[in-house]
Amino acid sequence: MKLFDFSLKINGFSIDKALAALSKIQAKNDSEFETYVRDQKKEILNYHLEYNSFYKSFGEIIDLNNWESVPVMTKHYLQIPLEQRLSDGFTNGNVYINKTSGSSGDPFIFAKDKWCHALTWAEIMNRFSWYGIDFNTSKQARFYGIPLDKKDYYKECLKDWFSNRVRFSVFDLSDRAFKSALNRFKTSKFDYINGYASAVVQFAKYLKQNDIILKTICPSLKVCITTSEMLFKDDKSLMEEQFGIPVINEYGASELDLIAFQNKENSWQINSETLYVEILDENDKVLPLGEEGRIVITSLYNKAHPFIRYDIGDIGVLSKGSTIKKPILEKLVGRTNDIIILPSGKKAAGLTFYYITKSVIKNDGNVSEFSVEQLDISTFKITYVSKQALSKAEIITITSEIERYLEHGISLKFNRVEKLNRSKSGKLKQFISHLT
């Protein structure tokens with residue numbers, strides 16, 4: 001029995017039909033695909049204007065013949081009860097309901113109709129199949145968080161069983177925990193690793209410290225797929241070296257779908273089958289390919305809840321080589337609320353600060369993890385986990401490099417801890433600004 005497919009079907013998600021529908025979409029030639037996207041945008045827009053009172057009020061100024069007249073929806077607009085945002089005929093009892101992680105600062109509960117959610121799973125299954133992964137047969141080593149209250153804990157355990165996966169909690173990244181995980185790899189035929197980048201890289205560091213290549217003790221491993229957090233180039237190299245398998249990065253959002261997935265050509269291929277992705281400037285105007293701006297996404301199938309020209313809160317660039325059928329995400333800069341504001345008024349992406357610090361802290365096994373917080377206009381705190389405290393010389397070097405890359409007049413505070421705080425879901429936020 002295909003347990004994973006069965007688990008979707010018993011919850012009302014028609015996965016077989018969704019996979020067939022996705023296959024038909026992908027079979028369209030470029031001209032047919034362009035017509036498909038245009039028609040699907042128009043259909044989902046008209047649907048919500050007719051059957052969703054929340055969106056009807058939100059989109060009063062829309063000119064149906066001008067897509068750019070459709071207003072951009074931010075998470076701020078969704079901070080009202082879910083019942084007030086559902087389309088006619090949809091209730092809490094006949095939709096898929098979940099909540100965002102809140103990493104943007106504006107968490108909210110959202111809904112998908114069951115056909116839309118089935119297509120989400122079809123898209124994910126299709127992308128994973130590029131690397132020989134079948135959710136019904138492939139065994140997963142899962143580095144994720146897990147709810148601690150009993151009801152949700154056992155619910156996740158049941159989902160793990162149906163999904164043929166073994167979960168390693170990211171709330172314990174100690175050597176003892178990794179030794180236990182390693183023993184499980186020795187006795188289980190895992191096909192792939194899936195998890196938060198920050199946790200998986202800690203496992204890779206543990207392997208390096210112990211001079212272990214994971215595939216030598218678990219030959220069945222095919223691929224590692226990281227998600228939910230930024231994957232840095234040197235971390236990816238370390239994981240590929242210590243795991244002995246390719247490391248693939250995905251980009252998604254729970255309220256939407258899988259947004260982009262690294263293809264065999266090593267490019268981040270955007271999901272153009274169920275989503276429509278735009279890059280907009282600060283005035284909501286579409287930017288030319290190759291220019292950096294806000295990532296705005298339309299869910300082409302969600303009839304239960306409108307996500308039309310939805311500002312996900314990220315900044316990115318579409319490659320100049322993108323087409324309507326195969327758009328490529330050339331760069332994901334970070335979240336719009338992850339912006340450094342310096343004393344001079346200069347702005348920079350928050351991860352710039354992280355990159356600089358990371359380049360200075362050598363990969364000598366001392367500092368295992370760190371995060372950066374902006375406390376006020378000129379003060380930053382670097383919280384880190386290490387075997388030994390940073391030396392005075394290391395602190396001076398980090399300070400001078402940050403001033404060289406950014407500007408003078410920056411004050412740094414260093415805080416050594418036993419472990420970094422993670423969100424309830426287990427995600428680690430590398431840069432946090434307290435200015436907004």
# chains A, B, ... in the order shown; residues from 1 in each chain; ligands from 1
>>> select_by_dssp(residues="stretch 89-257 of chain A", states="helix (DSSP H, G or I)", output="ChimeraX atom specification")
/A:114-129,150-162,175-187,197-209,214-217,233-243
>>> select_by_dssp(residues="stretch 23-203 of chain A", states="strand (DSSP E or B)", output="PyMOL selection string")
chain A and resi 73+96-99+109-112+140-144+165-169+192-196
>>> residues_around(residues="A:Asp160", least_positions_apart="5", cutoff="12 Å", atoms="only C-alpha atoms", output="VMD selection string")
chain A and resid 3 to 4 7 135 to 136 139 to 144 146 153 to 155 165 to 168
>>> closest_atom_pairs(of="stretch 54-142 of chain A", to="stretch 22-33 of chain A", cutoff="9 Å", atoms="only C-alpha atoms", output="CSV")
residue,atom,partner,partner_atom,distance
A:Leu119,CA,A:Leu22,CA,7.3
A:Ala122,CA,A:Leu22,CA,7.0
A:Glu123,CA,A:Leu22,CA,7.3
A:Asn126,CA,A:Leu22,CA,8.7
>>> residues_around(residues="A:Asn366", least_positions_apart="3", cutoff="7 Å", atoms="only C-alpha atoms", output="list in words")
Ser386, Lys387 and Gln388 of chain A
>>> closest_residue(among="A:Ile356, A:Leu49, A:Ile382, A:Leu428", to="A:Glu401", atoms="only C-alpha atoms")
A:Ile356
>>> residues_around(residues="A:Ser69", least_positions_apart="4", cutoff="12 Å", atoms="only C-alpha atoms", output="PDB file with N, CA and C atoms, in the first residue's frame")
ATOM      1  N   LEU A  45      -8.855  35.527  -9.909  1.00  0.00           N
ATOM      2  CA  LEU A  45      -9.210  36.894  -9.548  1.00  0.00           C
ATOM      3  C   LEU A  45     -10.722  37.091  -9.594  1.00  0.00           C
ATOM      4  N   GLY A  59     -10.455  44.672  -3.102  1.00  0.00           N
ATOM      5  CA  GLY A  59     -10.119  44.915  -4.508  1.00  0.00           C
ATOM      6  C   GLY A  59     -11.117  45.779  -5.252  1.00  0.00           C
ATOM      7  N   GLU A  60     -11.665  46.773  -4.589  1.00  0.00           N
ATOM      8  CA  GLU A  60     -12.706  47.614  -5.199  1.00  0.00           C
ATOM      9  C   GLU A  60     -12.227  48.361  -6.441  1.00  0.00           C
ATOM     10  N   ILE A  61     -10.943  48.702  -6.505  1.00  0.00           N
ATOM     11  CA  ILE A  61     -10.446  49.541  -7.599  1.00  0.00           C
ATOM     12  C   ILE A  61      -9.903  48.734  -8.772  1.00  0.00           C
ATOM     13  N   ILE A  62     -10.062  47.430  -8.772  1.00  0.00           N
ATOM     14  CA  ILE A  62      -9.453  46.575  -9.795  1.00  0.00           C
ATOM     15  C   ILE A  62     -10.093  46.792 -11.167  1.00  0.00           C
ATOM     16  N   ASP A  63      -9.238  46.951 -12.164  1.00  0.00           N
ATOM     17  CA  ASP A  63      -9.644  46.951 -13.563  1.00  0.00           C
ATOM     18  C   ASP A  63      -9.344  45.556 -14.100  1.00  0.00           C
ATOM     19  N   LEU A  64     -10.381  44.797 -14.443  1.00  0.00           N
ATOM     20  CA  LEU A  64     -10.192  43.400 -14.838  1.00  0.00           C
ATOM     21  C   LEU A  64      -9.320  43.240 -16.076  1.00  0.00           C
ATOM     22  N   ASN A  65      -9.139  44.290 -16.827  1.00  0.00           N
ATOM     23  CA  ASN A  65      -8.302  44.223 -18.022  1.00  0.00           C
ATOM     24  C   ASN A  65      -6.876  44.698 -17.770  1.00  0.00           C
ATOM     25  N   ASP A 284       5.113  49.165  -6.146  1.00  0.00           N
ATOM     26  CA  ASP A 284       4.297  48.063  -6.666  1.00  0.00           C
ATOM     27  C   ASP A 284       4.346  47.941  -8.180  1.00  0.00           C
ATOM     28  N   LYS A 285       5.414  48.438  -8.808  1.00  0.00           N
ATOM     29  CA  LYS A 285       5.577  48.310 -10.246  1.00  0.00           C
ATOM     30  C   LYS A 285       6.466  47.109 -10.559  1.00  0.00           C
ATOM     31  N   VAL A 286       6.102  46.380 -11.618  1.00  0.00           N
ATOM     32  CA  VAL A 286       6.876  45.203 -11.999  1.00  0.00           C
ATOM     33  C   VAL A 286       8.266  45.618 -12.489  1.00  0.00           C
ATOM     34  N   ILE A 308      -3.633  36.774  -3.735  1.00  0.00           N
ATOM     35  CA  ILE A 308      -3.501  37.353  -5.064  1.00  0.00           C
ATOM     36  C   ILE A 308      -2.596  38.582  -4.975  1.00  0.00           C
ATOM     37  N   ARG A 309      -1.477  38.525  -5.701  1.00  0.00           N
ATOM     38  CA  ARG A 309      -0.430  39.548  -5.589  1.00  0.00           C
ATOM     39  C   ARG A 309      -0.079  39.736  -4.103  1.00  0.00           C
TER      40      ARG A 309
END
>>> residues_around(residues="A:Lys42", least_positions_apart="3", cutoff="10 Å", atoms="only C-alpha atoms", output="PyMOL selection string")
chain A and resi 36-39+45-47+64-65+67+300
>>> atom_distance(atom1="atom CA of A:Lys381", atom2="atom CA of A:Tyr206")
26.1 Å
>>> closest_residue(among="A:Lys41, A:Lys320, A:Lys429, A:Lys9", to="A:Thr298", atoms="only C-alpha atoms")
A:Lys41
>>> residues_around(residues="A:Ile225", least_positions_apart="2", cutoff="10 Å", atoms="only C-alpha atoms", output="ChimeraX atom specification")
/A:128,131,142,192-197,200,223,227,246-250,261-262
>>> write_last_selection(atoms="N, CA and C atoms", output="compact mmCIF listing (two decimals), in the first residue's frame")
# COMPACT_ATOMS: atom_id res chain seq x y z
N PHE A 128 10.64 16.51 -5.75
CA PHE A 128 11.50 15.54 -5.05
C PHE A 128 11.84 14.36 -5.96
N TYR A 131 15.12 13.83 -7.93
CA TYR A 131 16.31 13.23 -7.30
C TYR A 131 16.04 11.81 -6.80
N ARG A 142 14.61 13.21 9.15
CA ARG A 142 13.97 14.52 9.20
C ARG A 142 14.50 15.35 10.37
N TYR A 192 17.07 9.81 2.06
CA TYR A 192 17.37 11.24 1.99
C TYR A 192 17.23 11.91 3.35
N ILE A 193 17.88 13.07 3.44
CA ILE A 193 17.80 13.93 4.62
C ILE A 193 16.95 15.14 4.23
N ASN A 194 16.06 15.55 5.12
CA ASN A 194 15.26 16.75 4.88
C ASN A 194 15.18 17.53 6.19
N GLY A 195 15.45 18.84 6.13
CA GLY A 195 15.36 19.58 7.38
C GLY A 195 15.83 21.00 7.27
N TYR A 196 15.80 21.69 8.41
CA TYR A 196 16.22 23.08 8.48
C TYR A 196 17.74 23.15 8.28
N ALA A 197 18.16 24.09 7.44
CA ALA A 197 19.57 24.19 7.08
C ALA A 197 20.48 24.34 8.30
N VAL A 200 20.88 20.94 10.09
CA VAL A 200 21.58 19.94 9.30
C VAL A 200 23.07 20.26 9.21
N VAL A 223 20.36 12.00 -1.33
CA VAL A 223 20.32 13.46 -1.43
C VAL A 223 19.94 14.06 -0.08
N THR A 227 15.52 23.25 3.85
CA THR A 227 14.35 24.11 3.66
C THR A 227 14.25 25.14 4.77
N PRO A 246 24.62 14.96 -2.89
CA PRO A 246 24.27 16.34 -3.26
C PRO A 246 23.37 16.98 -2.19
N VAL A 247 23.52 18.29 -2.02
CA VAL A 247 22.66 19.07 -1.11
C VAL A 247 21.82 20.01 -1.97
N ILE A 248 20.50 19.88 -1.87
CA ILE A 248 19.56 20.63 -2.69
C ILE A 248 18.78 21.58 -1.78
N ASN A 249 18.54 22.79 -2.27
CA ASN A 249 17.83 23.78 -1.47
C ASN A 249 16.46 24.06 -2.05
N GLU A 250 15.46 24.15 -1.18
CA GLU A 250 14.12 24.51 -1.63
C GLU A 250 13.69 25.80 -0.93
N PHE A 261 12.71 25.39 -6.36
CA PHE A 261 13.43 24.16 -6.03
C PHE A 261 14.64 24.05 -6.94
N GLN A 262 15.76 23.68 -6.37
CA GLN A 262 17.00 23.58 -7.15
C GLN A 262 16.90 22.43 -8.15
>>> atom_distance(atom1="atom CA of A:Tyr301", atom2="atom CA of A:Lys114")
10.1 Å
>>> decode(residues="stretch 298-319 of chain A", atoms="N, CA, C and O atoms", output="PDB file, in the first residue's frame")
ATOM      1  N   THR A 298       1.007  35.068  -6.569  1.00  0.00           N
ATOM      2  CA  THR A 298      -0.415  34.754  -6.685  1.00  0.00           C
ATOM      3  C   THR A 298      -0.602  33.236  -6.676  1.00  0.00           C
ATOM      4  O   THR A 298       0.054  32.527  -7.450  1.00  0.00           O
ATOM      5  N   SER A 299      -1.444  32.754  -5.771  1.00  0.00           N
ATOM      6  CA  SER A 299      -1.809  31.337  -5.750  1.00  0.00           C
ATOM      7  C   SER A 299      -2.913  31.139  -6.779  1.00  0.00           C
ATOM      8  O   SER A 299      -4.010  31.670  -6.642  1.00  0.00           O
ATOM      9  N   LEU A 300      -2.643  30.374  -7.819  1.00  0.00           N
ATOM     10  CA  LEU A 300      -3.556  30.252  -8.946  1.00  0.00           C
ATOM     11  C   LEU A 300      -4.757  29.345  -8.686  1.00  0.00           C
ATOM     12  O   LEU A 300      -5.694  29.340  -9.488  1.00  0.00           O
ATOM     13  N   TYR A 301      -4.746  28.615  -7.549  1.00  0.00           N
ATOM     14  CA  TYR A 301      -5.815  27.636  -7.340  1.00  0.00           C
ATOM     15  C   TYR A 301      -6.557  27.757  -6.020  1.00  0.00           C
ATOM     16  O   TYR A 301      -7.561  27.078  -5.827  1.00  0.00           O
ATOM     17  N   ASN A 302      -6.096  28.574  -5.101  1.00  0.00           N
ATOM     18  CA  ASN A 302      -6.729  28.603  -3.775  1.00  0.00           C
ATOM     19  C   ASN A 302      -8.037  29.402  -3.815  1.00  0.00           C
ATOM     20  O   ASN A 302      -8.035  30.631  -3.758  1.00  0.00           O
ATOM     21  N   LYS A 303      -9.153  28.689  -3.874  1.00  0.00           N
ATOM     22  CA  LYS A 303     -10.459  29.340  -3.899  1.00  0.00           C
ATOM     23  C   LYS A 303     -11.005  29.605  -2.496  1.00  0.00           C
ATOM     24  O   LYS A 303     -11.881  30.448  -2.313  1.00  0.00           O
ATOM     25  N   ALA A 304     -10.481  28.900  -1.509  1.00  0.00           N
ATOM     26  CA  ALA A 304     -10.970  29.087  -0.143  1.00  0.00           C
ATOM     27  C   ALA A 304     -10.521  30.420   0.441  1.00  0.00           C
ATOM     28  O   ALA A 304     -11.251  31.064   1.194  1.00  0.00           O
ATOM     29  N   HIS A 305      -9.323  30.844   0.062  1.00  0.00           N
ATOM     30  CA  HIS A 305      -8.717  32.040   0.659  1.00  0.00           C
ATOM     31  C   HIS A 305      -7.893  32.756  -0.400  1.00  0.00           C
ATOM     32  O   HIS A 305      -7.078  32.137  -1.078  1.00  0.00           O
ATOM     33  N   PRO A 306      -8.063  34.070  -0.585  1.00  0.00           N
ATOM     34  CA  PRO A 306      -7.303  34.772  -1.612  1.00  0.00           C
ATOM     35  C   PRO A 306      -5.856  35.036  -1.227  1.00  0.00           C
ATOM     36  O   PRO A 306      -5.575  35.577  -0.164  1.00  0.00           O
ATOM     37  N   PHE A 307      -4.946  34.620  -2.096  1.00  0.00           N
ATOM     38  CA  PHE A 307      -3.554  35.045  -2.048  1.00  0.00           C
ATOM     39  C   PHE A 307      -3.232  35.540  -3.455  1.00  0.00           C
ATOM     40  O   PHE A 307      -2.692  34.796  -4.279  1.00  0.00           O
ATOM     41  N   ILE A 308      -3.633  36.774  -3.735  1.00  0.00           N
ATOM     42  CA  ILE A 308      -3.501  37.353  -5.064  1.00  0.00           C
ATOM     43  C   ILE A 308      -2.596  38.582  -4.975  1.00  0.00           C
ATOM     44  O   ILE A 308      -2.873  39.514  -4.241  1.00  0.00           O
ATOM     45  N   ARG A 309      -1.477  38.525  -5.701  1.00  0.00           N
ATOM     46  CA  ARG A 309      -0.430  39.548  -5.589  1.00  0.00           C
ATOM     47  C   ARG A 309      -0.079  39.736  -4.103  1.00  0.00           C
ATOM     48  O   ARG A 309      -0.094  40.831  -3.556  1.00  0.00           O
ATOM     49  N   TYR A 310       0.272  38.635  -3.502  1.00  0.00           N
ATOM     50  CA  TYR A 310       0.558  38.564  -2.067  1.00  0.00           C
ATOM     51  C   TYR A 310       2.046  38.798  -1.828  1.00  0.00           C
ATOM     52  O   TYR A 310       2.898  38.076  -2.339  1.00  0.00           O
ATOM     53  N   ASP A 311       2.369  39.819  -1.067  1.00  0.00           N
ATOM     54  CA  ASP A 311       3.751  40.160  -0.723  1.00  0.00           C
ATOM     55  C   ASP A 311       4.203  39.234   0.396  1.00  0.00           C
ATOM     56  O   ASP A 311       3.821  39.394   1.554  1.00  0.00           O
ATOM     57  N   ILE A 312       5.054  38.276   0.045  1.00  0.00           N
ATOM     58  CA  ILE A 312       5.450  37.258   1.011  1.00  0.00           C
ATOM     59  C   ILE A 312       6.429  37.800   2.052  1.00  0.00           C
ATOM     60  O   ILE A 312       6.655  37.193   3.085  1.00  0.00           O
ATOM     61  N   GLY A 313       7.031  38.969   1.758  1.00  0.00           N
ATOM     62  CA  GLY A 313       7.959  39.569   2.711  1.00  0.00           C
ATOM     63  C   GLY A 313       9.407  39.281   2.419  1.00  0.00           C
ATOM     64  O   GLY A 313      10.279  39.557   3.238  1.00  0.00           O
ATOM     65  N   ASP A 314       9.700  38.731   1.222  1.00  0.00           N
ATOM     66  CA  ASP A 314      11.068  38.418   0.840  1.00  0.00           C
ATOM     67  C   ASP A 314      11.522  39.312  -0.306  1.00  0.00           C
ATOM     68  O   ASP A 314      10.702  39.860  -1.052  1.00  0.00           O
ATOM     69  N   ILE A 315      12.832  39.418  -0.455  1.00  0.00           N
ATOM     70  CA  ILE A 315      13.438  40.195  -1.527  1.00  0.00           C
ATOM     71  C   ILE A 315      14.245  39.254  -2.413  1.00  0.00           C
ATOM     72  O   ILE A 315      14.999  38.412  -1.908  1.00  0.00           O
ATOM     73  N   GLY A 316      14.069  39.371  -3.720  1.00  0.00           N
ATOM     74  CA  GLY A 316      14.772  38.469  -4.612  1.00  0.00           C
ATOM     75  C   GLY A 316      14.936  39.025  -6.009  1.00  0.00           C
ATOM     76  O   GLY A 316      14.522  40.146  -6.307  1.00  0.00           O
ATOM     77  N   VAL A 317      15.543  38.209  -6.875  1.00  0.00           N
ATOM     78  CA  VAL A 317      15.823  38.594  -8.263  1.00  0.00           C
ATOM     79  C   VAL A 317      15.450  37.436  -9.179  1.00  0.00           C
ATOM     80  O   VAL A 317      15.836  36.295  -8.925  1.00  0.00           O
ATOM     81  N   LEU A 318      14.704  37.719 -10.245  1.00  0.00           N
ATOM     82  CA  LEU A 318      14.442  36.733 -11.284  1.00  0.00           C
ATOM     83  C   LEU A 318      15.527  36.832 -12.345  1.00  0.00           C
ATOM     84  O   LEU A 318      15.882  37.933 -12.786  1.00  0.00           O
ATOM     85  N   SER A 319      16.061  35.703 -12.771  1.00  0.00           N
ATOM     86  CA  SER A 319      17.114  35.669 -13.774  1.00  0.00           C
ATOM     87  C   SER A 319      16.644  36.269 -15.095  1.00  0.00           C
ATOM     88  O   SER A 319      15.481  36.148 -15.481  1.00  0.00           O
TER      89      SER A 319
END
